[in-house]
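Next up, run_34.txt (compact mmCIF, C-alpha atoms and all ligand atoms):
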```txt
# COMPACT_ATOMS: atom_id res chain seq x y z
CA MET A 12 60.45 197.25 43.25
CA LEU A 13 64.03 196.00 43.48
CA CYS A 14 62.89 193.45 46.04
CA TYR A 15 60.11 192.26 43.74
CA ASP A 16 62.57 191.84 40.81
CA VAL A 17 65.06 189.87 42.93
CA SER A 18 62.44 187.52 44.35
CA ASN A 19 60.99 187.02 40.86
CA ARG A 20 64.42 186.12 39.52
CA ILE A 21 65.05 183.71 42.40
CA MET A 22 61.65 182.03 41.94
CA GLY A 23 62.25 181.82 38.18
CA SER A 24 65.42 179.82 38.67
CA VAL A 25 64.21 177.68 41.64
CA MET A 26 60.83 176.61 40.24
CA PRO A 27 62.16 174.42 37.37
CA ILE A 28 64.46 172.68 39.85
CA LEU A 29 61.58 172.06 42.27
CA ARG A 30 59.30 170.85 39.45
CA GLY A 31 62.00 168.45 38.25
CA PHE A 32 62.53 167.18 41.80
CA PHE A 33 58.80 166.47 42.38
CA LEU A 34 58.39 164.84 38.96
CA THR A 35 61.32 162.49 39.67
CA LEU A 36 59.92 161.73 43.15
CA PHE A 37 56.47 160.95 41.68
CA ALA A 38 57.91 158.67 38.98
CA THR A 39 60.02 156.79 41.57
CA LEU A 40 57.00 156.28 43.86
CA LEU A 41 54.84 155.10 40.94
CA SER A 42 57.38 152.52 39.81
CA ALA A 43 57.84 151.28 43.42
CA CYS A 44 54.05 150.82 43.75
CA GLN A 45 53.90 148.91 40.47
CA THR A 46 56.72 146.58 41.57
CA MET A 47 54.94 145.95 44.89
CA ALA A 48 51.67 145.14 43.10
CA VAL A 49 53.38 142.68 40.72
CA ASN A 50 55.14 141.00 43.67
CA ALA A 51 51.86 140.71 45.56
CA ARG A 52 50.16 139.12 42.54
CA GLN A 53 53.02 136.65 42.11
CA ALA A 54 52.74 135.59 45.76
CA ASP A 55 49.05 134.71 45.19
CA SER A 56 49.43 132.84 41.95
CA PRO A 57 51.91 130.19 40.92
CA ALA A 58 54.85 131.28 38.76
CA ALA A 59 54.28 131.14 34.99
CA PRO A 60 56.02 128.16 33.39
CA ALA A 61 59.44 128.96 31.92
CA ARG A 62 58.56 126.97 28.78
CA ALA A 63 55.33 125.72 27.21
CA ALA A 64 53.45 123.34 29.51
CA PRO A 65 52.81 119.73 28.39
CA LEU A 66 49.40 119.96 26.69
CA THR A 67 47.09 117.44 28.34
CA ILE A 68 43.40 116.60 28.37
CA LEU A 69 41.56 113.92 30.35
CA VAL A 70 37.90 113.04 29.96
CA HIS A 71 35.44 110.72 31.66
CA GLY A 72 32.01 109.44 30.73
CA GLY A 73 30.93 108.14 34.11
CA ALA A 74 31.70 105.17 36.35
CA GLY A 75 29.73 102.21 37.67
CA SER A 76 29.31 98.45 37.86
CA ALA A 77 30.29 96.24 34.96
CA ARG A 78 27.33 94.76 33.11
CA PRO A 79 27.15 90.97 33.49
CA GLY A 80 28.91 89.60 30.41
CA GLY A 81 30.40 93.03 29.66
CA LEU A 82 29.26 95.65 27.18
CA PRO A 83 27.95 94.43 23.82
CA GLU A 84 30.75 94.83 21.28
CA GLU A 85 29.07 97.64 19.36
CA ASP A 86 28.36 99.61 22.57
CA ASP A 87 31.95 99.17 23.67
CA ALA A 88 33.17 100.53 20.33
CA ALA A 89 30.68 103.41 20.44
CA TYR A 90 31.84 104.48 23.93
CA ARG A 91 35.50 104.33 22.94
CA ALA A 92 34.81 106.35 19.78
CA ALA A 93 32.87 108.96 21.78
CA LEU A 94 35.66 109.32 24.36
CA THR A 95 38.21 109.61 21.54
CA LEU A 96 36.15 112.33 19.86
CA ALA A 97 35.96 114.28 23.12
CA LEU A 98 39.74 113.97 23.62
CA ASP A 99 40.54 114.95 20.02
CA THR A 100 38.16 117.92 20.09
CA GLY A 101 39.64 119.31 23.30
CA TYR A 102 43.24 118.57 22.35
CA GLN A 103 42.83 120.30 18.98
CA ILE A 104 42.00 123.50 20.85
CA LEU A 105 45.03 123.13 23.13
CA ALA A 106 47.31 122.40 20.16
CA SER A 107 46.19 125.51 18.34
CA GLY A 108 47.05 127.64 21.37
CA GLY A 109 43.57 127.74 22.91
CA SER A 110 42.84 127.85 26.63
CA SER A 111 42.22 124.87 28.89
CA LEU A 112 38.78 126.34 29.70
CA ASP A 113 37.80 126.29 26.00
CA ALA A 114 39.21 122.77 25.58
CA VAL A 115 37.25 121.39 28.55
CA GLN A 116 34.06 123.06 27.38
CA ALA A 117 34.40 121.76 23.79
CA ALA A 118 35.18 118.20 24.92
CA ILE A 119 32.11 118.19 27.17
CA VAL A 120 29.81 119.53 24.43
CA THR A 121 30.62 116.48 22.27
CA MET A 122 29.55 114.17 25.11
CA GLU A 123 26.44 116.23 25.98
CA ASP A 124 25.36 115.80 22.36
CA ASN A 125 25.80 112.02 22.53
CA ALA A 126 22.87 110.02 23.96
CA LEU A 127 25.29 107.39 25.32
CA PHE A 128 26.15 109.63 28.25
CA ASN A 129 24.08 110.85 31.17
CA ALA A 130 24.51 114.52 30.24
CA GLY A 131 22.72 116.74 27.75
CA LYS A 132 20.85 114.56 25.22
CA GLY A 133 21.18 111.31 27.22
CA ALA A 134 20.24 112.69 30.65
CA VAL A 135 18.50 110.31 33.06
CA PHE A 136 14.93 110.82 34.32
CA THR A 137 13.77 112.07 37.70
CA ALA A 138 11.11 110.13 39.65
CA GLU A 139 8.51 112.43 38.05
CA GLY A 140 9.72 111.54 34.55
CA ARG A 141 11.56 114.82 33.87
CA ASN A 142 15.14 115.50 32.81
CA GLU A 143 16.86 118.01 35.13
CA LEU A 144 20.43 118.79 34.20
CA ASP A 145 23.38 120.12 36.23
CA SER A 146 26.75 121.41 35.06
CA SER A 147 29.78 123.41 36.18
CA LEU A 148 33.03 124.79 34.84
CA MET A 149 36.06 126.25 36.63
CA ASP A 150 39.10 128.16 35.41
CA GLY A 151 42.29 127.39 37.37
CA ARG A 152 43.93 130.61 36.17
CA ASN A 153 41.86 132.81 38.47
CA ARG A 154 39.36 130.38 40.06
CA ASP A 155 36.47 131.85 38.09
CA ALA A 156 33.58 129.40 38.21
CA GLY A 157 30.09 129.00 36.75
CA ALA A 158 27.34 126.45 37.32
CA VAL A 159 23.71 125.73 36.45
CA ALA A 160 21.43 123.31 38.28
CA GLY A 161 18.08 121.66 37.60
CA VAL A 162 17.69 123.03 34.07
CA THR A 163 15.26 121.36 31.67
CA THR A 164 15.52 123.25 28.37
CA ILE A 165 19.19 124.19 27.89
CA LYS A 166 20.63 121.96 25.15
CA ASN A 167 24.22 122.23 26.40
CA PRO A 168 24.34 123.07 30.12
CA ILE A 169 28.16 123.38 30.02
CA LEU A 170 27.73 126.40 27.71
CA ALA A 171 25.38 127.94 30.26
CA ALA A 172 28.00 127.35 32.98
CA ARG A 173 30.51 129.15 30.76
CA ALA A 174 28.10 132.06 30.22
CA VAL A 175 27.70 132.34 34.00
CA ILE A 176 31.48 132.88 34.19
CA ASP A 177 31.72 135.28 31.28
CA LYS A 178 28.47 137.22 31.48
CA SER A 179 27.36 137.38 35.11
CA PRO A 180 28.64 138.34 38.55
CA HIS A 181 27.26 135.03 39.96
CA VAL A 182 28.63 131.50 40.29
CA MET A 183 25.55 129.27 40.38
CA MET A 184 22.09 129.68 38.82
CA ALA A 185 19.17 127.27 39.08
CA ARG A 186 16.03 126.20 37.23
CA GLU A 187 13.86 128.85 35.49
CA GLY A 188 16.26 131.64 36.42
CA ALA A 189 19.17 129.83 34.79
CA GLU A 190 17.03 129.17 31.72
CA GLU A 191 15.98 132.80 31.44
CA PHE A 192 19.65 133.79 31.68
CA ALA A 193 20.66 131.21 29.03
CA LYS A 194 17.96 132.55 26.71
CA ALA A 195 19.16 136.11 27.20
CA GLN A 196 22.69 134.95 26.28
CA GLY A 197 21.41 133.45 23.02
CA LEU A 198 22.12 129.83 23.99
CA THR A 199 20.15 127.08 22.26
CA LEU A 200 17.01 126.10 24.16
CA VAL A 201 15.12 122.91 23.33
CA PRO A 202 11.74 121.49 24.36
CA PRO A 203 12.12 119.09 27.33
CA SER A 204 11.18 116.22 24.99
CA TYR A 205 14.60 116.64 23.29
CA PHE A 206 16.12 114.83 26.29
CA HIS A 207 13.73 111.85 26.13
CA THR A 208 15.46 108.61 25.15
CA ASP A 209 13.92 105.14 25.38
CA ALA A 210 16.99 103.68 27.07
CA ARG A 211 16.80 106.20 29.94
CA TRP A 212 13.01 105.76 30.24
CA LYS A 213 13.48 102.00 30.68
CA GLN A 214 16.12 102.74 33.32
CA LEU A 215 13.56 104.88 35.16
CA GLU A 216 10.96 102.12 35.02
CA ARG A 217 13.43 99.63 36.50
CA ALA A 218 14.42 102.07 39.27
CA ARG A 219 10.76 102.83 39.99
CA ALA A 220 9.93 99.14 40.36
CA LYS A 221 12.85 98.65 42.75
CA ALA A 222 12.02 101.73 44.78
CA GLU A 223 8.27 101.20 45.14
CA ALA A 224 8.46 99.46 48.52
CA LYS A 225 11.45 101.42 49.87
CA THR A 226 12.00 104.98 51.02
CA ALA A 227 15.75 105.15 50.33
CA LEU A 228 17.15 106.28 47.01
CA PRO A 229 17.92 103.12 45.02
CA ALA A 230 21.65 102.56 44.50
CA THR A 231 22.55 103.34 40.92
CA SER A 232 24.73 100.77 39.19
CA HIS A 233 25.98 103.07 36.49
CA PHE A 234 26.75 106.77 36.56
CA GLY A 235 27.12 108.28 33.07
CA THR A 236 28.09 111.81 33.99
CA VAL A 237 30.73 113.42 31.77
CA GLY A 238 33.71 115.57 32.67
CA ALA A 239 37.07 116.87 31.51
CA VAL A 240 40.21 118.55 32.82
CA ALA A 241 42.88 120.17 30.65
CA LEU A 242 46.27 121.90 30.73
CA ASP A 243 47.11 124.56 28.13
CA LYS A 244 50.41 125.88 26.77
CA ASP A 245 50.46 128.73 29.30
CA GLY A 246 50.31 126.26 32.19
CA HIS A 247 46.69 126.97 33.13
CA ILE A 248 44.34 124.17 34.10
CA ALA A 249 40.53 123.95 34.01
CA ALA A 250 37.81 121.47 34.93
CA GLY A 251 34.19 120.87 33.96
CA THR A 252 31.41 118.38 34.65
CA SER A 253 27.93 117.84 33.20
CA THR A 254 25.16 115.43 34.19
CA GLY A 255 21.52 114.49 34.29
CA GLY A 256 22.09 113.49 37.92
CA MET A 257 20.82 110.19 39.29
CA THR A 258 17.89 108.18 37.93
CA TYR A 259 14.77 108.53 40.09
CA LYS A 260 16.06 111.61 41.93
CA ARG A 261 13.24 113.49 43.67
CA PHE A 262 12.21 116.82 45.17
CA GLY A 263 14.55 118.98 43.07
CA ARG A 264 17.58 116.99 44.22
CA ILE A 265 20.89 118.48 43.04
CA GLY A 266 24.05 116.35 43.01
CA ASP A 267 27.73 117.19 43.25
CA SER A 268 28.32 117.96 39.56
CA PRO A 269 27.35 121.66 39.70
CA VAL A 270 28.82 122.15 43.18
CA ILE A 271 32.23 123.82 43.03
CA GLY A 272 34.61 121.95 45.34
CA ALA A 273 32.52 118.75 45.27
CA GLY A 274 32.15 117.58 41.64
CA THR A 275 34.41 120.17 40.00
CA TYR A 276 37.42 122.21 41.08
CA ALA A 277 40.38 123.92 39.41
CA SER A 278 43.19 126.09 40.71
CA ASP A 279 46.61 126.59 39.13
CA ALA A 280 47.97 126.48 42.67
CA SER A 281 47.05 122.80 43.04
CA CYS A 282 45.01 120.78 40.53
CA ALA A 283 41.87 120.35 38.42
CA VAL A 284 39.31 117.65 39.21
CA SER A 285 36.07 116.36 37.67
CA ALA A 286 34.10 113.70 39.54
CA THR A 287 31.40 111.14 38.84
CA GLY A 288 29.56 108.92 41.27
CA TRP A 289 27.09 109.03 44.08
CA GLY A 290 26.81 112.81 44.41
CA GLU A 291 25.61 113.01 47.99
CA PHE A 292 28.93 111.53 49.16
CA PHE A 293 31.02 113.77 46.91
CA ILE A 294 29.26 116.81 48.37
CA ARG A 295 29.66 115.66 51.97
CA GLY A 296 33.33 114.84 51.35
CA THR A 297 34.00 118.08 49.39
CA ALA A 298 35.80 115.60 47.16
CA ALA A 299 37.28 117.71 44.35
CA ARG A 300 38.63 120.40 46.67
CA ASP A 301 39.91 117.82 49.14
CA ILE A 302 42.07 116.21 46.43
CA CYS A 303 43.48 119.61 45.45
CA ALA A 304 43.99 120.64 49.10
CA ARG A 305 46.10 117.52 49.68
CA VAL A 306 48.18 118.41 46.61
CA GLN A 307 48.48 122.06 47.68
CA TRP A 308 49.10 121.81 51.40
CA ASN A 309 50.47 118.28 51.94
CA ASP A 310 52.52 118.24 48.75
CA ALA A 311 50.78 114.96 47.95
CA ASN A 312 51.37 113.15 44.68
CA ILE A 313 48.22 113.61 42.58
CA GLN A 314 47.47 109.88 42.33
CA ASP A 315 47.88 109.42 46.10
CA ALA A 316 45.63 112.43 46.78
CA ALA A 317 42.89 111.13 44.45
CA ASP A 318 43.15 107.57 45.85
CA ALA A 319 42.94 108.83 49.44
CA VAL A 320 39.76 110.82 48.77
CA ILE A 321 38.07 107.99 46.84
CA ALA A 322 38.96 105.63 49.73
CA ASP A 323 37.52 108.12 52.23
CA LEU A 324 34.24 108.35 50.28
CA GLU A 325 34.08 104.56 50.11
CA GLU A 326 34.40 104.39 53.86
CA MET A 327 31.42 106.75 54.08
CA GLY A 328 29.48 104.38 51.78
CA GLY A 329 29.85 106.25 48.47
CA THR A 330 31.26 105.00 45.18
CA GLY A 331 32.50 106.75 42.07
CA GLY A 332 35.60 108.12 40.44
CA VAL A 333 37.60 111.20 39.59
CA LEU A 334 40.09 112.44 37.09
CA ALA A 335 42.72 114.90 38.31
CA LEU A 336 45.43 116.97 36.63
CA ALA A 337 48.18 119.23 38.00
CA PRO A 338 49.78 122.18 36.18
CA ASP A 339 53.00 120.15 35.67
CA GLY A 340 51.04 117.60 33.60
CA SER A 341 50.98 114.88 36.28
CA HIS A 342 47.54 113.28 36.29
CA ALA A 343 45.47 110.53 37.82
CA PHE A 344 42.31 108.48 37.44
CA SER A 345 40.95 106.97 40.62
CA PHE A 346 37.69 105.06 41.07
CA SER A 347 36.06 102.59 43.40
CA THR A 348 33.74 101.14 40.74
CA GLN A 349 34.29 98.25 38.35
CA VAL A 350 34.30 100.49 35.32
CA MET A 351 35.06 104.07 34.51
CA PHE A 352 34.79 105.40 30.97
CA ARG A 353 37.98 107.41 30.69
CA GLY A 354 40.70 108.72 28.43
CA VAL A 355 43.78 110.90 28.23
CA LYS A 356 45.57 112.65 25.38
CA THR A 357 49.01 114.29 25.42
CA ALA A 358 51.72 114.89 22.82
CA ALA A 359 52.73 111.25 23.48
CA GLY A 360 49.41 109.96 22.13
CA SER A 361 45.97 109.09 23.40
CA GLU A 362 44.29 106.14 25.09
CA VAL A 363 40.79 105.31 26.29
CA HIS A 364 39.74 102.64 28.77
CA ILE A 365 36.58 101.27 30.33
CA LEU A 366 37.30 98.36 32.66
CA ALA A 367 39.34 98.83 35.83
CA ASP A 368 42.05 96.37 34.83
CA GLU A 369 42.71 97.62 31.29
CA THR A 370 46.39 98.39 30.65
CA GLU A 371 47.17 102.02 31.17
CA GLN A 372 50.34 103.40 29.67
CA GLN A 373 49.99 107.02 30.69
CA MET A 374 46.75 107.04 32.64
CA SER A 375 48.64 107.73 35.85
CA LYS A 376 51.70 109.93 35.60
N1 LIG B 401 27.51 112.62 40.41
C1 LIG B 401 26.26 112.68 39.70
C2 LIG B 401 25.18 113.08 40.67
O1 LIG B 401 25.19 112.61 41.80
C3 LIG B 401 25.89 111.41 39.06
C4 LIG B 401 26.93 110.81 38.18
O2 LIG B 401 28.11 111.01 38.40
O3 LIG B 401 26.57 110.14 37.22
O4 LIG B 401 24.29 113.79 40.31
```
Would you write the structure of this file as structure tokens?
Ligand code: ASP
Amino acid sequence: MLCYDVSNRIMGSVMPILRGFFLTLFATLLSACQTMAVNARQADSPAAPARAAPLTILVHGGAGSARPGGLPEEDDAAYRAALTLALDTGYQILASGGSSLDAVQAAIVTMEDNALFNAGKGAVFTAEGRNELDSSLMDGRNRDAGAVAGVTTIKNPILAARAVIDKSPHVMMAREGAEEFAKAQGLTLVPPSYFHTDARWKQLERARAKAEAKTALPATSHFGTVGAVALDKDGHIAAGTSTGGMTYKRFGRIGDSPVIGAGTYASDASCAVSATGWGEFFIRGTAARDICARVQWNDANIQDAADAVIADLEEMGGTGGVLALAPDGSHAFSFSTQVMFRGVKTAAGSEVHILADETEQQMSK
């Protein structure tokens, strides 16, 4: 009995001490684990900017050969106004604290809705007289990506690419499957005739006439694909591209625009790129990722990286252009064509250009 009392008294005084010891040990271990996890995450992703990043958006509306005699004055003005609208729409989102992903998406929607561009409403025709649209979007913050390919009824394919990021575990969806998904997400579907424009139909007829005797894909003189890259206040970059592809494409051909790493790429660790041009070459050259890899691993200046990749594609026989943007705000336009519809907007102002030799104040920085 005495023994029992003594041991009870001893246990009564030792237990609180032991409990306190184990609680302290547990708390110390937990905090050490949390510190290790934060350190590991920081090693994977670039450090957050100490102050707000320089808000920047770049857009393109395709590249190609100059028309003999240049663009008619009213067309020239219409293109410049459309590029300005895309820049202003995206920049407004950045300026009100929105994300680069939202800014890129919104800028692209304005161009998809404009029949001037080979994306959305103004998509080119396939050899069979259909409009098959491709699009992709990538978030540099975490390298989330979404893409749709060969869709015929989605009014704004860039919104479908965004839904793939937000609402699915996949990266790329194609054709009827992508359309079924878009419908389930409540996106606007249109009859295929929505994409029919007389200008694109005439383009198809010209391409058809040229191609009749040949087996090779006729070289396109103008690519009207649209794209954007942006940098938000938190230092995150994003990229997106949308297109109808190439006139007279056949057999369910898909170009580079919906292919992550070819027509579109974004990573906060390097850069964001949107491309336009002869897609087969951009896919074979993994163009967008190659530019960012040069920036990331070779410490290349963004203009040099973009120029090197465009030169490499040219050597392979492909033409086109890219816009590229790094998280520090440095950016570049590079193209091997006579024209590229392009623009940039920062806090310093905005500018849009078409011809290769137009004066560029801040196009390359
Ligand atoms: N790159 C697109 C494709 O090959 C065409 C374009 O840029 O206009 O599908």
Surroundings of ligand LIG 401 (chain B) up to 6 Å, based on only C-alpha atoms and all ligand atoms, as a ChimeraX atom specification: /A:73,234-236,256-257,266-268,287-290
Close residues, A:Pro202 itself excluded, 9 Å, all atoms listed in the file, min 3 positions apart in chain, as a ChimeraX atom specification: /A:163-166,205-206
Spatial neighbours of stretch 210-221 of chain A, max dist 6 Å, all atoms listed in the file, sep filter under 2 positions, as a PyMOL selection string: chain A and resi 135+208+223
Atomic distance atom CA of A:Ser281 - atom CA of A:Ala311, expressed in Å with one decimal: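 A separation of 10.0 Å between them.
For the set A:Val175, A:Leu94, A:Leu144, A:Ala158, the residue with the smallest atom-to-atom gap to A:Val355 is A:Leu94, counting only C-alpha atoms.
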What are the centre and the three edge lengths of an axis-aligned box that wraps all atoms of stretch 261-280 of chain A in the file, given that 5 Å is added to every side, written as JSON and rounded to one decimal in Å?
```
{"center_x": 30.1, "center_y": 120.0, "center_z": 42.2, "size_x": 45.8, "size_y": 23.1, "size_z": 16.2}
```
Atom pair atom CA of A:Phe344 / atom CA of A:Ala322: separation (Å):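 Separating atom CA of A:Phe344 from atom CA of A:Ala322 is a distance of 13.1 Å.
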Separation of atom CA of A:Met122 from atom CA of A:Ser110, in Å and rounded to one decimal: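 Between atom CA of A:Met122 and atom CA of A:Ser110 the gap is 19.1 Å.
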Nearby residues, (24.8, 130.7, 23.0) file frame, 12 Å, only C-alpha atoms, as a PyMOL selection string: chain A and resi 165-175+177-178+190+192-200
Proximity to A:Pro269 - best of A:Thr67, A:Asn129, A:Ser107, A:Ser147, all atoms listed in the file: A:Ser147
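When only C-alpha atoms are used to compute distances to A:Gly140, the closest of the residues A:Phe352, A:Phe293, A:Tyr259, A:Trp308 turns out to be A:Tyr259.
The residue that comes closest to A:Thr258, out of A:Gly157, A:Gly72, A:Gly133, A:Gly101 and on the basis of all atoms listed in the file, is A:Gly133.
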Contacts of A:Asp150 at 12 Å (all atoms listed in the file; same-chain gap of 5+ positions) as a PyMOL selection string: chain A and resi 110-116+155-157+172-173+176-177+240-243+246-251+271+275-280+282-284
